[in-house]
$ cat data36.cif   # mmCIF, C-alpha atoms
data_structure
#
loop_
_atom_site.group_PDB
_atom_site.id
_atom_site.type_symbol
_atom_site.label_atom_id
_atom_site.label_comp_id
_atom_site.auth_asym_id
_atom_site.auth_seq_id
_atom_site.Cartn_x
_atom_site.Cartn_y
_atom_site.Cartn_z
ATOM 1 C CA MET A 514 0.000 0.000 0.000
ATOM 2 C CA GLY A 515 2.908 2.319 0.707
ATOM 3 C CA ASP A 516 4.324 1.438 -2.681
ATOM 4 C CA VAL A 517 1.061 2.315 -4.378
ATOM 5 C CA ALA A 518 0.915 5.684 -2.681
ATOM 6 C CA VAL A 519 4.429 6.492 -3.796
ATOM 7 C CA GLY A 520 3.641 5.518 -7.350
ATOM 8 C CA ALA A 521 0.500 7.584 -7.394
ATOM 9 C CA ARG A 522 2.378 10.513 -5.954
ATOM 10 C CA SER A 523 5.026 10.181 -8.604
ATOM 11 C CA GLY A 524 2.445 10.051 -11.319
ATOM 12 C CA ALA A 525 0.754 13.090 -9.925
ATOM 13 C CA ASP A 526 4.030 14.949 -9.704
ATOM 14 C CA GLY A 527 4.819 14.107 -13.305
ATOM 15 C CA GLU A 528 1.432 15.193 -14.513
ATOM 16 C CA GLU A 529 1.673 18.390 -12.511
ATOM 17 C CA HIS A 530 5.088 19.071 -14.033
ATOM 18 C CA ARG A 531 3.716 18.538 -17.526
ATOM 19 C CA ASP A 532 0.850 20.888 -16.732
ATOM 20 C CA ARG A 533 3.266 23.583 -15.636
ATOM 21 C CA SER A 534 5.293 23.148 -18.863
ATOM 22 C CA ALA A 535 2.212 23.641 -20.989
ATOM 23 C CA GLY A 536 0.417 26.923 -21.467
ATOM 24 C CA PRO A 537 -3.257 27.430 -21.144
ATOM 25 C CA ASP A 538 -3.776 26.573 -24.825
ATOM 26 C CA GLY A 539 -1.546 23.520 -25.013
ATOM 27 C CA PRO A 540 2.142 22.620 -25.082
ATOM 28 C CA ALA A 541 4.755 25.341 -24.699
ATOM 29 C CA GLU A 542 6.088 27.051 -27.850
ATOM 30 C CA ASP A 543 9.530 26.144 -29.215
ATOM 31 C CA GLY A 544 11.051 29.390 -27.975
ATOM 32 C CA ALA A 545 10.016 28.606 -24.349
ATOM 33 C CA ALA A 546 11.645 25.165 -24.240
ATOM 34 C CA THR A 547 14.182 24.824 -21.455
ATOM 35 C CA PHE A 548 15.601 21.362 -22.036
ATOM 36 C CA GLY A 549 16.009 18.570 -24.592
ATOM 37 C CA ASN A 550 17.113 18.942 -28.230
ATOM 38 C CA ASP A 551 14.987 22.036 -28.945
ATOM 39 C CA SER A 552 17.317 24.578 -27.315
ATOM 40 C CA PRO A 553 20.304 24.260 -29.759
ATOM 41 C CA ALA A 554 17.924 24.431 -32.721
ATOM 42 C CA VAL A 555 16.520 27.724 -31.426
ATOM 43 C CA GLU A 556 20.025 29.156 -31.050
ATOM 44 C CA GLU A 557 20.995 28.218 -34.623
ATOM 45 C CA ASP A 558 17.812 29.780 -36.011
ATOM 46 C CA SER A 559 18.472 32.906 -34.014
ATOM 47 C CA VAL A 560 22.039 33.274 -35.317
ATOM 48 C CA ARG A 561 20.982 32.511 -38.883
ATOM 49 C CA ASP A 562 18.260 35.173 -38.763
ATOM 50 C CA HIS A 563 20.735 37.716 -37.359
ATOM 51 C CA ARG A 564 23.272 37.141 -40.132
ATOM 52 C CA SER A 565 20.619 37.385 -42.789
ATOM 53 C CA THR A 566 19.482 40.721 -41.404
ATOM 54 C CA GLY A 567 23.042 41.966 -41.093
ATOM 55 C CA ASP A 568 23.916 41.121 -44.739
ATOM 56 C CA GLN A 569 21.122 43.218 -46.113
ATOM 57 C CA GLY A 570 21.695 46.087 -43.706
ATOM 58 C CA GLN A 571 19.165 48.788 -43.095
ATOM 59 C CA GLY A 572 17.860 50.077 -46.387
ATOM 60 C CA GLU A 573 21.003 49.028 -48.379
ATOM 61 C CA PRO A 574 20.442 47.888 -51.989
ATOM 62 C CA PRO A 575 21.692 44.418 -52.934
ATOM 63 C CA ARG A 576 25.291 44.253 -54.210
ATOM 64 C CA GLN A 577 25.849 44.065 -57.981
ATOM 65 C CA GLU A 578 28.779 42.427 -59.780
ATOM 66 C CA LYS A 579 31.139 44.770 -61.674
ATOM 67 C CA LYS A 580 30.698 44.698 -65.407
ATOM 68 C CA PRO A 581 33.913 43.958 -67.389
ATOM 69 C CA ARG A 582 35.399 46.830 -69.380
ATOM 70 C CA SER A 583 34.492 46.947 -73.029
ATOM 71 C CA PHE A 584 37.102 45.865 -75.569
ATOM 72 C CA TRP A 585 37.348 49.386 -77.017
ATOM 73 C CA LYS A 586 38.183 50.861 -73.612
ATOM 74 C CA GLU A 587 40.945 48.316 -73.042
ATOM 75 C CA LEU A 588 42.387 48.577 -76.556
ATOM 76 C CA PRO A 589 44.449 51.763 -75.915
ATOM 77 C CA ILE A 590 45.974 50.146 -72.822
ATOM 78 C CA LEU A 591 46.915 47.004 -74.760
ATOM 79 C CA VAL A 592 48.406 49.071 -77.588
ATOM 80 C CA GLY A 593 50.415 51.117 -75.080
ATOM 81 C CA ILE A 594 51.822 47.991 -73.432
ATOM 82 C CA ALA A 595 52.737 46.532 -76.826
ATOM 83 C CA LEU A 596 54.570 49.716 -77.831
ATOM 84 C CA VAL A 597 56.527 49.831 -74.576
ATOM 85 C CA LEU A 598 57.563 46.183 -74.976
ATOM 86 C CA ALA A 599 58.595 46.781 -78.592
ATOM 87 C CA LEU A 600 60.704 49.755 -77.540
ATOM 88 C CA LEU A 601 62.401 47.782 -74.759
ATOM 89 C CA ILE A 602 63.142 44.890 -77.102
ATOM 90 C CA LYS A 603 64.547 47.234 -79.746
ATOM 91 C CA THR A 604 66.708 49.058 -77.200
ATOM 92 C CA PHE A 605 68.116 46.157 -75.223
ATOM 93 C CA LEU A 606 67.581 42.824 -76.984
ATOM 94 C CA LEU A 607 66.990 42.594 -80.732
ATOM 95 C CA GLN A 608 66.738 45.087 -83.558
ATOM 96 C CA ALA A 609 66.128 44.614 -87.252
ATOM 97 C CA PHE A 610 68.215 46.462 -89.816
ATOM 98 C CA SER A 611 67.643 46.980 -93.512
ATOM 99 C CA ILE A 612 70.360 46.284 -96.074
ATOM 100 C CA PRO A 613 70.442 49.159 -98.611
ATOM 101 C CA SER A 614 73.570 48.284 -100.643
ATOM 102 C CA ASP A 615 75.463 45.429 -102.298
ATOM 103 C CA SER A 616 78.606 45.608 -100.143
ATOM 104 C CA MET A 617 77.821 42.316 -98.360
ATOM 105 C CA GLN A 618 76.724 40.255 -101.368
ATOM 106 C CA ASN A 619 76.082 37.398 -101.643
ATOM 107 C CA THR A 620 75.767 36.901 -97.912
ATOM 108 C CA LEU A 621 73.242 39.739 -97.758
ATOM 109 C CA GLN A 622 71.188 41.300 -100.535
ATOM 110 C CA GLN A 623 69.596 44.711 -100.875
ATOM 111 C CA GLY A 624 66.240 44.710 -99.099
ATOM 112 C CA ASP A 625 67.158 41.981 -96.628
ATOM 113 C CA ARG A 626 66.221 42.507 -92.980
ATOM 114 C CA VAL A 627 68.682 41.133 -90.462
ATOM 115 C CA MET A 628 68.062 40.623 -86.758
ATOM 116 C CA VAL A 629 70.884 42.030 -84.649
ATOM 117 C CA ASP A 630 71.690 40.705 -81.192
ATOM 118 C CA LYS A 631 72.068 43.731 -78.920
ATOM 119 C CA LEU A 632 72.019 41.771 -75.659
ATOM 120 C CA THR A 633 75.497 40.249 -75.477
ATOM 121 C CA PRO A 634 77.403 43.569 -75.715
ATOM 122 C CA TRP A 635 75.646 44.617 -72.494
ATOM 123 C CA PHE A 636 77.596 41.844 -70.749
ATOM 124 C CA GLY A 637 80.986 42.932 -72.112
ATOM 125 C CA SER A 638 81.135 40.530 -75.038
ATOM 126 C CA GLU A 639 83.231 41.895 -77.928
ATOM 127 C CA PRO A 640 83.032 41.111 -81.653
ATOM 128 C CA GLU A 641 84.950 38.076 -82.882
ATOM 129 C CA ARG A 642 86.560 37.262 -86.212
ATOM 130 C CA GLY A 643 84.137 36.135 -88.883
ATOM 131 C CA GLU A 644 81.037 37.709 -87.336
ATOM 132 C CA VAL A 645 78.838 40.056 -89.342
ATOM 133 C CA VAL A 646 78.294 43.166 -87.221
ATOM 134 C CA VAL A 647 76.331 46.409 -87.377
ATOM 135 C CA PHE A 648 78.158 49.505 -86.152
ATOM 136 C CA HIS A 649 77.683 53.257 -86.029
ATOM 137 C CA ASP A 650 79.581 55.288 -88.605
ATOM 138 C CA PRO A 651 82.938 55.748 -86.822
ATOM 139 C CA ASP A 652 84.160 58.813 -88.736
ATOM 140 C CA ASN A 653 82.056 59.941 -91.703
ATOM 141 C CA TRP A 654 82.381 56.744 -93.720
ATOM 142 C CA LEU A 655 78.976 57.582 -95.171
ATOM 143 C CA ALA A 656 79.856 61.159 -96.075
ATOM 144 C CA GLY A 657 78.145 62.089 -99.312
ATOM 145 C CA GLU A 658 75.619 59.271 -99.090
ATOM 146 C CA PRO A 659 72.062 60.599 -99.592
ATOM 147 C CA THR A 660 69.660 60.375 -96.663
ATOM 148 C CA PRO A 661 66.085 59.612 -97.753
ATOM 149 C CA GLU A 662 63.201 61.686 -96.448
ATOM 150 C CA ALA A 663 60.903 60.095 -93.858
ATOM 151 C CA ASN A 664 57.262 61.002 -93.363
ATOM 152 C CA GLY A 665 55.602 61.310 -89.958
ATOM 153 C CA LEU A 666 54.269 57.753 -89.923
ATOM 154 C CA GLN A 667 57.680 56.316 -90.789
ATOM 155 C CA LYS A 668 59.273 58.285 -87.971
ATOM 156 C CA VAL A 669 56.767 56.971 -85.439
ATOM 157 C CA LEU A 670 57.079 53.359 -86.640
ATOM 158 C CA SER A 671 60.880 53.517 -86.662
ATOM 159 C CA TRP A 672 60.890 54.987 -83.139
ATOM 160 C CA ILE A 673 58.920 52.036 -81.795
ATOM 161 C CA GLY A 674 60.987 49.592 -83.849
ATOM 162 C CA LEU A 675 58.434 48.536 -86.447
ATOM 163 C CA MET A 676 60.311 50.107 -89.384
ATOM 164 C CA PRO A 677 63.960 50.814 -90.169
ATOM 165 C CA SER A 678 65.015 54.367 -89.432
ATOM 166 C CA VAL A 679 66.197 56.451 -92.367
ATOM 167 C CA GLU A 680 68.176 58.764 -90.101
ATOM 168 C CA GLU A 681 70.548 56.348 -88.372
ATOM 169 C CA LYS A 682 74.028 56.213 -89.891
ATOM 170 C CA ASP A 683 74.938 52.548 -89.443
ATOM 171 C CA LEU A 684 76.971 50.111 -91.498
ATOM 172 C CA ILE A 685 77.241 46.340 -91.702
ATOM 173 C CA LYS A 686 80.479 44.436 -92.439
ATOM 174 C CA ARG A 687 82.340 41.265 -91.527
ATOM 175 C CA VAL A 688 84.928 41.337 -88.747
ATOM 176 C CA VAL A 689 88.302 40.222 -90.115
ATOM 177 C CA GLY A 690 90.677 41.312 -87.367
ATOM 178 C CA VAL A 691 90.357 42.010 -83.628
ATOM 179 C CA GLY A 692 92.629 43.732 -81.134
ATOM 180 C CA GLY A 693 96.244 42.521 -81.467
ATOM 181 C CA ASP A 694 95.792 40.970 -84.949
ATOM 182 C CA ILE A 695 97.971 41.744 -87.965
ATOM 183 C CA VAL A 696 95.875 41.789 -91.133
ATOM 184 C CA GLU A 697 97.533 41.875 -94.550
ATOM 185 C CA CYS A 698 96.652 41.883 -98.243
ATOM 186 C CA LYS A 699 99.205 41.378 -101.024
ATOM 187 C CA GLY A 700 98.312 41.184 -104.688
ATOM 188 C CA THR A 701 94.959 39.489 -105.176
ATOM 189 C CA GLY A 702 95.250 37.527 -101.953
ATOM 190 C CA PRO A 703 94.699 35.468 -100.003
ATOM 191 C CA LEU A 704 93.915 37.709 -97.043
ATOM 192 C CA THR A 705 96.073 36.746 -94.065
ATOM 193 C CA VAL A 706 95.499 37.241 -90.333
ATOM 194 C CA ASN A 707 98.550 36.788 -88.112
ATOM 195 C CA GLY A 708 100.290 35.192 -91.098
ATOM 196 C CA VAL A 709 97.535 32.588 -91.598
ATOM 197 C CA ALA A 710 95.760 32.539 -94.967
ATOM 198 C CA LEU A 711 91.961 32.602 -94.878
ATOM 199 C CA ASN A 712 89.875 30.452 -97.197
ATOM 200 C CA GLU A 713 87.089 32.893 -98.049
ATOM 201 C CA ALA A 714 85.504 31.094 -100.988
ATOM 202 C CA SER A 715 82.317 30.382 -99.023
ATOM 203 C CA TYR A 716 81.380 34.033 -98.517
ATOM 204 C CA VAL A 717 83.385 36.343 -100.833
ATOM 205 C CA TYR A 718 81.319 37.460 -103.822
ATOM 206 C CA PRO A 719 81.774 35.127 -106.792
ATOM 207 C CA GLY A 720 84.305 36.540 -109.252
ATOM 208 C CA ASN A 721 85.928 38.813 -106.628
ATOM 209 C CA THR A 722 89.435 38.313 -105.366
ATOM 210 C CA PRO A 723 90.036 38.410 -101.583
ATOM 211 C CA CYS A 724 92.364 41.410 -102.012
ATOM 212 C CA SER A 725 92.008 44.333 -104.403
ATOM 213 C CA GLN A 726 94.948 45.568 -106.466
ATOM 214 C CA ASP A 727 94.676 49.341 -106.239
ATOM 215 C CA ASP A 728 96.515 52.233 -104.645
ATOM 216 C CA GLN A 729 93.523 53.470 -102.654
ATOM 217 C CA GLY A 730 93.901 51.003 -99.775
ATOM 218 C CA GLY A 731 93.420 47.588 -101.330
ATOM 219 C CA GLN A 732 97.025 46.648 -100.505
ATOM 220 C CA PHE A 733 97.755 46.959 -96.787
ATOM 221 C CA ARG A 734 99.372 45.593 -93.670
ATOM 222 C CA VAL A 735 97.837 46.827 -90.410
ATOM 223 C CA GLU A 736 97.971 45.958 -86.738
ATOM 224 C CA VAL A 737 94.623 46.254 -85.005
ATOM 225 C CA PRO A 738 94.837 48.129 -81.667
ATOM 226 C CA GLU A 739 93.066 46.801 -78.588
ATOM 227 C CA GLY A 740 89.438 47.888 -78.362
ATOM 228 C CA HIS A 741 89.086 48.062 -82.163
ATOM 229 C CA ILE A 742 88.177 45.796 -85.084
ATOM 230 C CA TRP A 743 89.079 45.683 -88.793
ATOM 231 C CA VAL A 744 86.070 45.091 -91.045
ATOM 232 C CA MET A 745 85.616 44.235 -94.722
ATOM 233 C CA GLY A 746 82.617 43.671 -96.970
ATOM 234 C CA ASP A 747 82.034 40.284 -98.617
ATOM 235 C CA HIS A 748 81.692 42.028 -102.001
ATOM 236 C CA ARG A 749 85.373 42.940 -101.923
ATOM 237 C CA GLN A 750 85.472 45.043 -105.091
ATOM 238 C CA ASN A 751 82.307 46.948 -104.101
ATOM 239 C CA SER A 752 82.703 47.812 -100.419
ATOM 240 C CA ARG A 753 84.029 50.984 -98.828
ATOM 241 C CA ASP A 754 85.255 49.391 -95.608
ATOM 242 C CA SER A 755 88.294 49.642 -93.311
ATOM 243 C CA ARG A 756 90.668 49.454 -96.295
ATOM 244 C CA TYR A 757 89.403 52.696 -97.819
ATOM 245 C CA ASN A 758 89.044 54.704 -94.605
ATOM 246 C CA GLN A 759 92.619 54.520 -93.315
ATOM 247 C CA ALA A 760 92.909 58.306 -93.506
ATOM 248 C CA ASP A 761 90.256 58.824 -90.796
ATOM 249 C CA LYS A 762 90.969 59.436 -87.122
ATOM 250 C CA ASN A 763 90.844 55.672 -86.365
ATOM 251 C CA HIS A 764 93.028 54.689 -89.371
ATOM 252 C CA GLY A 765 90.190 52.569 -90.738
ATOM 253 C CA MET A 766 89.582 50.740 -87.462
ATOM 254 C CA VAL A 767 86.150 50.582 -85.836
ATOM 255 C CA PRO A 768 86.065 51.200 -82.066
ATOM 256 C CA VAL A 769 84.316 48.326 -80.306
ATOM 257 C CA GLN A 770 82.151 50.843 -78.462
ATOM 258 C CA GLU A 771 80.570 51.798 -81.806
ATOM 259 C CA VAL A 772 79.372 48.247 -82.467
ATOM 260 C CA VAL A 773 75.590 47.890 -82.141
ATOM 261 C CA GLY A 774 75.609 44.102 -82.178
ATOM 262 C CA ARG A 775 76.060 40.952 -84.210
ATOM 263 C CA ALA A 776 73.725 40.172 -87.118
ATOM 264 C CA VAL A 777 72.518 36.650 -86.401
ATOM 265 C CA VAL A 778 69.551 35.951 -88.680
ATOM 266 C CA VAL A 779 68.218 37.039 -92.055
ATOM 267 C CA GLY A 780 64.559 37.479 -91.141
ATOM 268 C CA TRP A 781 63.113 38.943 -94.321
ATOM 269 C CA PRO A 782 62.166 38.137 -97.025
ATOM 270 C CA VAL A 783 60.825 34.771 -95.943
ATOM 271 C CA ASN A 784 62.505 32.869 -98.762
ATOM 272 C CA ARG A 785 65.908 34.075 -97.506
ATOM 273 C CA TRP A 786 65.583 33.071 -93.867
ATOM 274 C CA ASP A 787 69.057 32.024 -92.754
ATOM 275 C CA TYR A 788 71.367 31.939 -89.747
ATOM 276 C CA LEU A 789 74.576 33.941 -90.219
ATOM 277 C CA GLU A 790 77.231 31.524 -89.055
ATOM 278 C CA VAL A 791 80.929 32.251 -88.546
ATOM 279 C CA PRO A 792 82.817 30.597 -91.462
ATOM 280 C CA ASP A 793 84.989 27.625 -90.553
ATOM 281 C CA THR A 794 88.174 29.323 -91.749
ATOM 282 C CA PHE A 795 88.083 31.576 -88.672
ATOM 283 C CA ASP A 796 88.292 28.524 -86.407
ATOM 284 C CA GLN A 797 91.940 27.877 -87.292
ATOM 285 C CA PRO A 798 93.888 27.646 -84.001
ATOM 286 C CA ALA A 799 96.921 29.343 -85.581
ATOM 287 C CA LEU A 800 94.962 32.598 -85.887
ATOM 288 C CA ASN A 801 95.205 33.153 -82.150
ATOM 289 C CA ASN A 802 98.480 34.919 -81.510
ATOM 290 C CA ASP A 803 99.554 35.727 -77.970
ATOM 291 C CA ALA A 804 97.646 39.026 -77.822
ATOM 292 C CA SER A 805 94.355 37.682 -79.157
ATOM 293 C CA ALA A 806 94.630 34.550 -76.999
ATOM 294 C CA GLY A 807 94.953 36.739 -73.930
ATOM 295 C CA ALA A 808 91.898 38.694 -75.010
ATOM 296 C CA ALA A 809 89.955 35.455 -75.422
ATOM 297 C CA LEU A 810 90.885 34.344 -71.922
ATOM 298 C CA SER A 811 89.789 37.650 -70.435
ATOM 299 C CA ALA A 812 86.428 37.329 -72.202
ATOM 300 C CA ALA A 813 85.707 33.866 -70.786
ATOM 301 C CA PRO A 814 84.320 35.057 -67.420
ATOM 302 C CA GLN A 815 82.045 37.441 -69.303
ATOM 303 C CA GLY A 816 80.699 34.514 -71.285
ATOM 304 C CA LEU A 817 79.952 32.657 -68.074
ATOM 305 C CA ALA A 818 78.143 35.693 -66.705
ATOM 306 C CA LEU A 819 76.045 35.836 -69.865
ATOM 307 C CA MET A 820 75.075 32.173 -69.576
ATOM 308 C CA GLY A 821 73.869 32.757 -66.041
ATOM 309 C CA ALA A 822 71.955 35.923 -66.907
ATOM 310 C CA VAL A 823 70.176 34.803 -70.074
ATOM 311 C CA PRO A 824 67.415 32.800 -68.306
ATOM 312 C CA LEU A 825 66.513 35.905 -66.301
ATOM 313 C CA VAL A 826 66.059 38.127 -69.356
ATOM 314 C CA LEU A 827 64.645 35.753 -71.960
ATOM 315 C CA TRP A 828 61.083 36.603 -70.892
ATOM 316 C CA ARG A 829 61.529 40.205 -71.912
ATOM 317 C CA ARG A 830 63.768 39.344 -75.710
ATOM 318 C CA GLY A 831 62.179 45.409 -83.309
ATOM 319 C CA LEU A 832 63.059 47.082 -86.006
ATOM 320 C CA GLY A 833 64.971 50.188 -87.144
ATOM 321 C CA GLY A 834 68.123 51.411 -88.815
ATOM 322 C CA GLY A 835 69.658 51.419 -92.234
ATOM 323 C CA GLU A 836 73.216 50.460 -93.045
ATOM 324 C CA ARG A 837 75.586 50.055 -95.931
#

$ encode --input "data36.cif" --output "structure tokens"
Amino acid sequence: MGDVAVGARSGADGEEHRDRSAGPDGPAEDGAATFGNDSPAVEEDSVRDHRSTGDQGQGEPPRQEKKPRSFWKELPILVGIALVLALLIKTFLLQAFSIPSDSMQNTLQQGDRVMVDKLTPWFGSEPERGEVVVFHDPDNWLAGEPTPEANGLQKVLSWIGLMPSVEEKDLIKRVVGVGGDIVECKGTGPLTVNGVALNEASYVYPGNTPCSQDDQGGQFRVEVPEGHIWVMGDHRQNSRDSRYNQADKNHGMVPVQEVVGRAVVVGWPVNRWDYLEVPDTFDQPALNNDASAGAALSAAPQGLALMGAVPLVLWRRGLGGGER
């Protein structure tokens, strides 16, 4: 009987507890729950509602995505970037030059465009025997040569490197002797460097002799000073080169500082694409006398520096100039 009373009391207590948890109209609302799994759900809903209200703000319009710029608005920017890159390439890396004369036939023809490497001189590299190089007029070699008129468009295009300049006084020849070399011509040849005869059949114009028999400079024996080069055209009987400028202030030599760079490729016209290699005759070991061998040794560290620097500048690697 005691057990029954306890059970009844417990049941009554439970029912009374349930009655207190319920409102006058029925069970308590979700927001009034004080235990069980309902409480976390209420907190999540509360936070979610707060964030939603905060995102919209009070009276703020919904955010809109930015519309991309039109192509015509971006075009001037793209053109400007392209022009800057072309100017940098022309100034520091590559430049195209036009060939206006026959002095380098048959290696180069009138109207050819050659690409000139302007990068390596920045690292102290100097011209070597057998290379075809472009250089500034050292002392009025082009005196008396007519300068064509350029219109406004040509001036702009040449400035950005898309056309050869008609105002630059540059020449293009083959390096025959470097600092310390003794270069000599007797009779019709062969041309000798440091007493070693050159076999020039692969590049001298057909029908020309390596040396010219005249009293204007075709017969000579010169020693090239350090920091200078001796240059000759491949069309030997039609080239006003070092031989015929020995009366100038450099005695026909070209200061290395006047060299723009080495012509490496014939880029135009398409049917004349070619790489301008150094002829094999310049690889003769006997050409290197003591002075030139010392110069070669001093240039070796510069070559190593170039090899290390090239990967850093390849991502940034034009046109202009006219030479004879």

$ resolve_selection --input "data36.cif" --expression "the PyMOL selection byres ((chain A and resi 619) around 10)" --output "PDB file with C-alpha atoms, in the frame of the given file"
ATOM      1  CA  ASP A 615      75.463  45.429-102.298  1.00  0.00           C
ATOM      2  CA  SER A 616      78.606  45.608-100.143  1.00  0.00           C
ATOM      3  CA  MET A 617      77.821  42.316 -98.360  1.00  0.00           C
ATOM      4  CA  GLN A 618      76.724  40.255-101.368  1.00  0.00           C
ATOM      5  CA  THR A 620      75.767  36.901 -97.912  1.00  0.00           C
ATOM      6  CA  LEU A 621      73.242  39.739 -97.758  1.00  0.00           C
ATOM      7  CA  GLN A 622      71.188  41.300-100.535  1.00  0.00           C
ATOM      8  CA  GLN A 623      69.596  44.711-100.875  1.00  0.00           C
ATOM      9  CA  SER A 715      82.317  30.382 -99.023  1.00  0.00           C
ATOM     10  CA  TYR A 716      81.380  34.033 -98.517  1.00  0.00           C
ATOM     11  CA  VAL A 717      83.385  36.343-100.833  1.00  0.00           C
ATOM     12  CA  TYR A 718      81.319  37.460-103.822  1.00  0.00           C
ATOM     13  CA  PRO A 719      81.774  35.127-106.792  1.00  0.00           C
ATOM     14  CA  ASP A 747      82.034  40.284 -98.617  1.00  0.00           C
ATOM     15  CA  HIS A 748      81.692  42.028-102.001  1.00  0.00           C
TER      16      HIS A 748
END

$ closest_residue --input "data36.cif" --among "A:Gln759, A:Ser638, A:Thr705, A:Asn653" --to "Asp683 of chain A" --atoms "all atoms listed in the file"
A:Asn653

$ axis_aligned_box --input "data36.cif" --around "segment 703-706 of chain A" --padding-each-side "8 Å" --output "lines of an AutoDock Vina configuration file"
center_x = 95.0
center_y = 36.6
center_z = -95.2
size_x = 18.2
size_y = 18.2
size_z = 25.7

$ resolve_selection --input "data36.cif" --expression "the PyMOL selection byres ((chain A and resi 737-744) around 10)" --output "NGL selection string"
:A and (639-646 or 685-696 or 734-736 or 745-747 or 753-756 or 763-772 or 804-805 or 808)

$ atom_distance --input "data36.cif" --atom1 "atom CA of Met628 of chain A" --atom2 "atom CA of Arg775 of chain A"
8.4 Å

$ residues_around --input "data36.cif" --residues "Gln732 of chain A" --least-positions-apart "5" --cutoff "9 Å" --atoms "only C-alpha atoms" --output "list of chain:residue names"
A:Glu697, A:Cys698, A:Lys699, A:Gly700, A:Thr701, A:Cys724, A:Ser725, A:Gln726, A:Asp727, A:Arg756

$ residues_around --input "data36.cif" --residues "segment 793-803 of chain A" --least-positions-apart "6" --cutoff "7 Å" --atoms "all atoms listed in the file" --output "ChimeraX atom specification"
/A:642-643,706-707,709,711-712

$ build_atoms --input "data36.cif" --residues "segment 791-795 of chain A" --atoms "all heavy atoms" --output "mmCIF file, in the coordinates of the input"
data_model
loop_
_atom_site.group_PDB
_atom_site.id
_atom_site.type_symbol
_atom_site.label_atom_id
_atom_site.label_comp_id
_atom_site.auth_asym_id
_atom_site.auth_seq_id
_atom_site.Cartn_x
_atom_site.Cartn_y
_atom_site.Cartn_z
ATOM 1 N N VAL A 791 79.530 31.870 -88.370
ATOM 2 C CA VAL A 791 80.929 32.251 -88.546
ATOM 3 C C VAL A 791 81.586 31.196 -89.433
ATOM 4 O O VAL A 791 81.532 30.003 -89.116
ATOM 5 C CB VAL A 791 81.649 32.337 -87.184
ATOM 6 C CG1 VAL A 791 83.131 32.588 -87.393
ATOM 7 C CG2 VAL A 791 81.031 33.437 -86.327
ATOM 8 N N PRO A 792 82.190 31.586 -90.566
ATOM 9 C CA PRO A 792 82.817 30.597 -91.462
ATOM 10 C C PRO A 792 83.896 29.785 -90.763
ATOM 11 O O PRO A 792 84.592 30.274 -89.863
ATOM 12 C CB PRO A 792 83.403 31.474 -92.581
ATOM 13 C CG PRO A 792 82.566 32.722 -92.563
ATOM 14 C CD PRO A 792 82.218 32.948 -91.122
ATOM 15 N N ASP A 793 84.045 28.553 -91.206
ATOM 16 C CA ASP A 793 84.989 27.625 -90.553
ATOM 17 C C ASP A 793 86.429 28.114 -90.602
ATOM 18 O O ASP A 793 87.226 27.780 -89.720
ATOM 19 C CB ASP A 793 84.899 26.245 -91.219
ATOM 20 C CG ASP A 793 83.571 25.560 -90.952
ATOM 21 O OD1 ASP A 793 82.891 25.948 -89.974
ATOM 22 O OD2 ASP A 793 83.206 24.648 -91.725
ATOM 23 N N THR A 794 86.779 28.902 -91.619
ATOM 24 C CA THR A 794 88.174 29.323 -91.749
ATOM 25 C C THR A 794 88.653 30.153 -90.563
ATOM 26 O O THR A 794 89.844 30.215 -90.272
ATOM 27 C CB THR A 794 88.373 30.113 -93.060
ATOM 28 O OG1 THR A 794 89.762 30.325 -93.286
ATOM 29 C CG2 THR A 794 87.649 31.446 -93.015
ATOM 30 N N PHE A 795 87.711 30.766 -89.832
ATOM 31 C CA PHE A 795 88.083 31.576 -88.672
ATOM 32 C C PHE A 795 88.285 30.723 -87.419
ATOM 33 O O PHE A 795 88.617 31.262 -86.356
ATOM 34 C CB PHE A 795 87.027 32.650 -88.418
ATOM 35 C CG PHE A 795 87.011 33.729 -89.466
ATOM 36 C CD1 PHE A 795 86.111 33.677 -90.522
ATOM 37 C CD2 PHE A 795 87.894 34.795 -89.401
ATOM 38 C CE1 PHE A 795 86.090 34.663 -91.495
ATOM 39 C CE2 PHE A 795 87.884 35.793 -90.372
ATOM 40 C CZ PHE A 795 86.981 35.725 -91.426
#
